Every structure is written in C-alpha cells, then in structure tokens.
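Novice: Just one file: query11.cif, with mmCIF, C-alpha atoms, pLDDT in the B column; chains and numbers go by the auth columns.
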```
data_entry
loop_
_atom_site.group_PDB
_atom_site.id
_atom_site.type_symbol
_atom_site.label_atom_id
_atom_site.label_comp_id
_atom_site.label_asym_id
_atom_site.label_seq_id
_atom_site.Cartn_x
_atom_site.Cartn_y
_atom_site.Cartn_z
_atom_site.B_iso_or_equiv
_atom_site.auth_seq_id
_atom_site.auth_asym_id
ATOM 1 C CA SER A 1 175.316 5.729 142.384 85.00 30 A
ATOM 2 C CA LEU A 2 173.656 8.823 141.027 88.00 31 A
ATOM 3 C CA GLN A 3 173.430 10.077 144.622 91.00 32 A
ATOM 4 C CA SER A 4 177.126 9.525 145.229 92.00 33 A
ATOM 5 C CA ALA A 5 177.976 11.369 142.002 92.00 34 A
ATOM 6 C CA ALA A 6 175.790 14.303 143.081 93.00 35 A
ATOM 7 C CA LEU A 7 177.443 14.299 146.505 94.00 36 A
ATOM 8 C CA ASP A 8 180.915 14.239 144.935 94.00 37 A
ATOM 9 C CA LEU A 9 179.953 17.116 142.632 95.00 38 A
ATOM 10 C CA SER A 10 178.635 19.126 145.589 96.00 39 A
ATOM 11 C CA ARG A 11 181.857 18.552 147.537 96.00 40 A
ATOM 12 C CA GLN A 12 183.964 19.508 144.526 96.00 41 A
ATOM 13 C CA ARG A 13 181.998 22.755 144.100 97.00 42 A
ATOM 14 C CA ALA A 14 182.495 23.598 147.787 97.00 43 A
ATOM 15 C CA THR A 15 186.218 22.824 147.518 97.00 44 A
ATOM 16 C CA ASP A 16 186.582 24.962 144.397 96.00 45 A
ATOM 17 C CA SER A 17 184.673 27.829 145.998 96.00 46 A
ATOM 18 C CA LEU A 18 186.865 27.675 149.094 97.00 47 A
ATOM 19 C CA LYS A 19 190.073 27.609 147.023 97.00 48 A
ATOM 20 C CA LYS A 20 188.868 30.600 144.986 96.00 49 A
ATOM 21 C CA SER A 21 188.014 32.573 148.133 94.00 50 A
ATOM 22 C CA LEU A 22 191.339 31.745 149.780 94.00 51 A
ATOM 23 C CA SER A 23 193.305 32.771 146.696 94.00 52 A
ATOM 24 C CA ALA A 24 191.498 36.139 146.641 94.00 53 A
ATOM 25 C CA ARG A 25 192.095 36.768 150.349 94.00 54 A
ATOM 26 C CA PRO A 26 194.359 39.797 151.014 94.00 55 A
ATOM 27 C CA PRO A 27 197.726 39.179 152.689 93.00 56 A
ATOM 28 C CA ARG A 28 198.034 39.466 156.480 90.00 57 A
ATOM 29 C CA GLU A 29 200.047 42.709 156.197 92.00 58 A
ATOM 30 C CA ASP A 30 197.198 44.406 154.299 94.00 59 A
ATOM 31 C CA LEU A 31 194.705 43.316 156.947 92.00 60 A
ATOM 32 C CA ILE A 32 196.961 44.730 159.684 90.00 61 A
ATOM 33 C CA GLU A 33 197.283 48.055 157.813 93.00 62 A
ATOM 34 C CA ARG A 34 193.492 48.255 157.517 94.00 63 A
ATOM 35 C CA ASN A 35 193.096 47.511 161.269 89.00 64 A
ATOM 36 C CA ILE A 36 191.233 44.285 160.587 88.00 65 A
ATOM 37 C CA LEU A 37 193.934 42.213 162.283 84.00 66 A
ATOM 38 C CA THR A 38 196.153 43.296 165.146 83.00 67 A
ATOM 39 C CA PRO A 39 199.937 43.108 164.802 85.00 68 A
ATOM 40 C CA SER A 40 200.190 40.509 167.551 81.00 69 A
ATOM 41 C CA THR A 41 202.761 37.784 167.981 83.00 70 A
ATOM 42 C CA ALA A 42 200.476 35.902 170.370 82.00 71 A
ATOM 43 C CA ALA A 43 198.782 32.716 169.293 87.00 72 A
ATOM 44 C CA PRO A 44 195.403 33.346 167.645 82.00 73 A
ATOM 45 C CA ALA A 45 193.642 31.403 170.393 88.00 74 A
ATOM 46 C CA ILE A 46 194.784 33.893 173.058 90.00 75 A
ATOM 47 C CA GLN A 47 194.767 37.157 171.077 86.00 76 A
ATOM 48 C CA GLY A 48 191.280 38.038 172.337 87.00 77 A
ATOM 49 C CA HIS A 49 192.339 37.514 175.933 92.00 78 A
ATOM 50 C CA ALA A 50 195.497 39.552 175.329 89.00 79 A
ATOM 51 C CA ARG A 51 193.385 42.435 173.946 88.00 80 A
ATOM 52 C CA GLU A 52 191.072 42.323 176.971 93.00 81 A
ATOM 53 C CA LEU A 53 194.055 42.285 179.329 94.00 82 A
ATOM 54 C CA GLU A 54 195.610 45.287 177.582 93.00 83 A
ATOM 55 C CA LYS A 55 192.289 47.158 177.770 96.00 84 A
ATOM 56 C CA SER A 56 191.946 46.382 181.487 97.00 85 A
ATOM 57 C CA MET A 57 195.507 47.508 182.157 98.00 86 A
ATOM 58 C CA LYS A 58 194.871 50.839 180.392 97.00 87 A
ATOM 59 C CA ALA A 59 191.657 51.344 182.383 97.00 88 A
ATOM 60 C CA ASP A 60 193.489 50.608 185.644 97.00 89 A
ATOM 61 C CA ALA A 61 196.264 53.065 184.759 97.00 90 A
ATOM 62 C CA LEU A 62 193.726 55.805 183.950 96.00 91 A
ATOM 63 C CA ASN A 63 191.777 55.179 187.150 95.00 92 A
ATOM 64 C CA GLU A 64 195.005 55.384 189.149 96.00 93 A
ATOM 65 C CA LYS A 65 195.917 58.712 187.541 95.00 94 A
ATOM 66 C CA ILE A 66 192.416 60.104 188.093 94.00 95 A
ATOM 67 C CA ALA A 67 192.471 59.045 191.752 94.00 96 A
ATOM 68 C CA HIS A 68 195.692 60.997 192.340 93.00 97 A
ATOM 69 C CA ARG A 69 195.018 64.111 190.307 92.00 98 A
ATOM 70 C CA PRO A 70 195.079 67.393 192.225 91.00 99 A
ATOM 71 C CA ALA A 71 191.929 69.268 193.159 89.00 100 A
ATOM 72 C CA PRO A 72 190.994 72.333 191.078 85.00 101 A
ATOM 73 C CA GLU A 73 191.651 74.594 194.081 86.00 102 A
ATOM 74 C CA GLU A 74 195.220 73.325 194.256 90.00 103 A
ATOM 75 C CA LEU A 75 195.712 73.990 190.547 88.00 104 A
ATOM 76 C CA VAL A 76 194.404 77.540 190.993 87.00 105 A
ATOM 77 C CA LYS A 77 196.916 78.098 193.820 90.00 106 A
ATOM 78 C CA GLU A 78 199.744 76.822 191.613 91.00 107 A
ATOM 79 C CA GLY A 79 198.676 79.104 188.763 89.00 108 A
ATOM 80 C CA ILE A 80 197.814 76.258 186.399 88.00 109 A
ATOM 81 C CA LEU A 81 194.099 77.087 186.348 85.00 110 A
ATOM 82 C CA ARG A 82 192.454 80.477 186.593 85.00 111 A
ATOM 83 C CA GLU A 83 189.624 81.038 189.010 80.00 112 A
ATOM 84 C CA ASP A 84 186.236 81.088 187.302 74.00 113 A
ATOM 85 C CA PRO A 85 184.273 84.161 188.409 64.00 114 A
ATOM 86 C CA THR A 86 181.002 82.545 187.325 65.00 115 A
ATOM 87 C CA SER A 87 181.479 79.491 189.537 65.00 116 A
ATOM 88 C CA PRO A 88 178.888 79.308 192.351 58.00 117 A
ATOM 89 C CA GLU A 89 181.181 77.132 194.470 60.00 118 A
ATOM 90 C CA GLY A 90 183.665 79.863 195.306 51.00 119 A
ATOM 91 C CA GLU A 91 183.792 81.415 198.744 56.00 120 A
ATOM 92 C CA GLY A 92 184.571 84.987 199.706 59.00 121 A
ATOM 93 C CA ASP A 93 185.805 87.075 196.801 68.00 122 A
ATOM 94 C CA ALA A 94 184.910 84.431 194.226 65.00 123 A
ATOM 95 C CA GLY A 95 181.380 84.233 195.618 68.00 124 A
ATOM 96 C CA LYS A 96 181.012 87.999 195.252 76.00 125 A
ATOM 97 C CA LYS A 97 182.308 87.843 191.690 75.00 126 A
ATOM 98 C CA TYR A 98 179.744 85.163 190.934 76.00 127 A
ATOM 99 C CA GLU A 99 176.907 87.248 192.359 79.00 128 A
ATOM 100 C CA GLU A 100 178.068 90.291 190.384 82.00 129 A
ATOM 101 C CA ALA A 101 178.292 88.278 187.179 82.00 130 A
ATOM 102 C CA MET A 102 174.781 86.914 187.730 82.00 131 A
ATOM 103 C CA GLU A 103 173.386 90.395 188.426 86.00 132 A
ATOM 104 C CA GLU A 104 175.009 91.683 185.235 85.00 133 A
ATOM 105 C CA GLU A 105 173.515 88.805 183.277 84.00 134 A
ATOM 106 C CA TYR A 106 170.024 89.475 184.681 83.00 135 A
ATOM 107 C CA ALA A 107 170.402 93.178 183.926 84.00 136 A
ATOM 108 C CA LYS A 108 171.354 92.388 180.323 84.00 137 A
ATOM 109 C CA ARG A 109 168.337 90.139 179.908 82.00 138 A
ATOM 110 C CA GLU A 110 165.888 92.584 181.479 80.00 139 A
ATOM 111 C CA GLY A 111 167.264 95.509 179.490 71.00 140 A
ATOM 112 C CA GLY A 112 167.248 93.600 176.213 57.00 141 A
ATOM 113 C CA ALA A 113 163.749 92.121 176.580 49.00 142 A
#
```
What would the structure in this file look like if it were written as structure tokens?
Specialist:
Amino acid sequence: SLQSAALDLSRQRATDSLKKSLSARPPREDLIERNILTPSTAAPAIQGHARELEKSMKADALNEKIAHRPAPEELVKEGILREDPTSPEGEGDAGKKYEEAMEEEYAKREGGA
C-alpha cells in the first residue's frame, strides 16, 4: 500500500509538471513568427513530407532554369555581359588582350620587386 501511494504521488507529480509546462507554452502564432513552426494547413503527420516536396520542387525549378540559361558568349553578344580581357579562354582579340594584361602584370611585379 505504501508502494501504491508512492506510485500515485509520482504520477501526480508528472501530471502537475506536464500541466505547468503546457500552460507556459507559447501560442502557435508566436512559434510561427519565430520560425519554429511553419504556417501550414496540412496535417502535422504530413507536414514534413510537404516540406520535402516543396524543397524538391524548388530544386527542380532551379535546375531547369540553370539548364536553359544562355552561354556567357551569347550574353556578351547581346551586351548583357562585358568581355573580360583577363580571361584566358578568349580567342583572337580577347586572347591578345589577355596576353597583354599578363605581360603588364609580370612587368609590374618585376619592376616592383
């Protein structure tokens, strides 16, 4: 009987502790504002799957955009990018500009050393 009283007391303490913790818990809106919870209308059991699906969809959309983006050469032709004179990949005039830029850089280093 002493054991059952001790067990009852232990259960009552656990119940009281749980009630105290639940009463001190911040409201759902506060947790959403602090980015602890997501503002989802989905059932809690599927919120994790919904987040993963959203993440996968964003990754797919980005990969699709990257796959269809124009080459840098095309952007230079359209005037969106400027040609980089220090790029070693250029041919013709750009290649000459690169060589000249490198020679100037070496000359600066040799003169300054």
Novice: Which distance in Å separates CA of His97 (chain A) and CA of Asp113 (chain A), to one decimal?
Specialist: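 So the answer is 22.8 Å.
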Novice: Expressed in Å to a single decimal, how great is the separation between CA of Ile95 (chain A) and CA of His78 (chain A)?
Specialist: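 Those two atoms sit 25.7 Å apart.
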Novice: Around all the atoms of region 81-99 of chain A listed in the file, with 5 Å of room on each side, what axis-aligned box do you get, giving centre and edge lengths in Å to one decimal, as lines of an AutoDock Vina configuration file?
Specialist:
```
center_x = 193.7
center_y = 54.8
center_z = 184.7
size_x = 15.2
size_y = 35.1
size_z = 25.4
```
Novice: Rounded to one decimal, what separation in Å do you get between CA of Lys94 (chain A) and CA of Glu112 (chain A)?
Specialist: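 Interatomic distance here is 23.2 Å.
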Novice: As JSON, numbers by chain, please: the residues near Gln76 (chain A) (cut-off 9 Å, only C-alpha atoms, same-chain neighbours under 6 positions excluded).
Specialist: {"A": [67, 69, 70]}
Novice: Can you pull out every residue within 12 Å of Glu58 (chain A), counting all atoms listed in the file, but drop anything in the same chain fewer than 4 positions away, and send it as a ChimeraX atom specification?
Specialist: /A:54,62-69
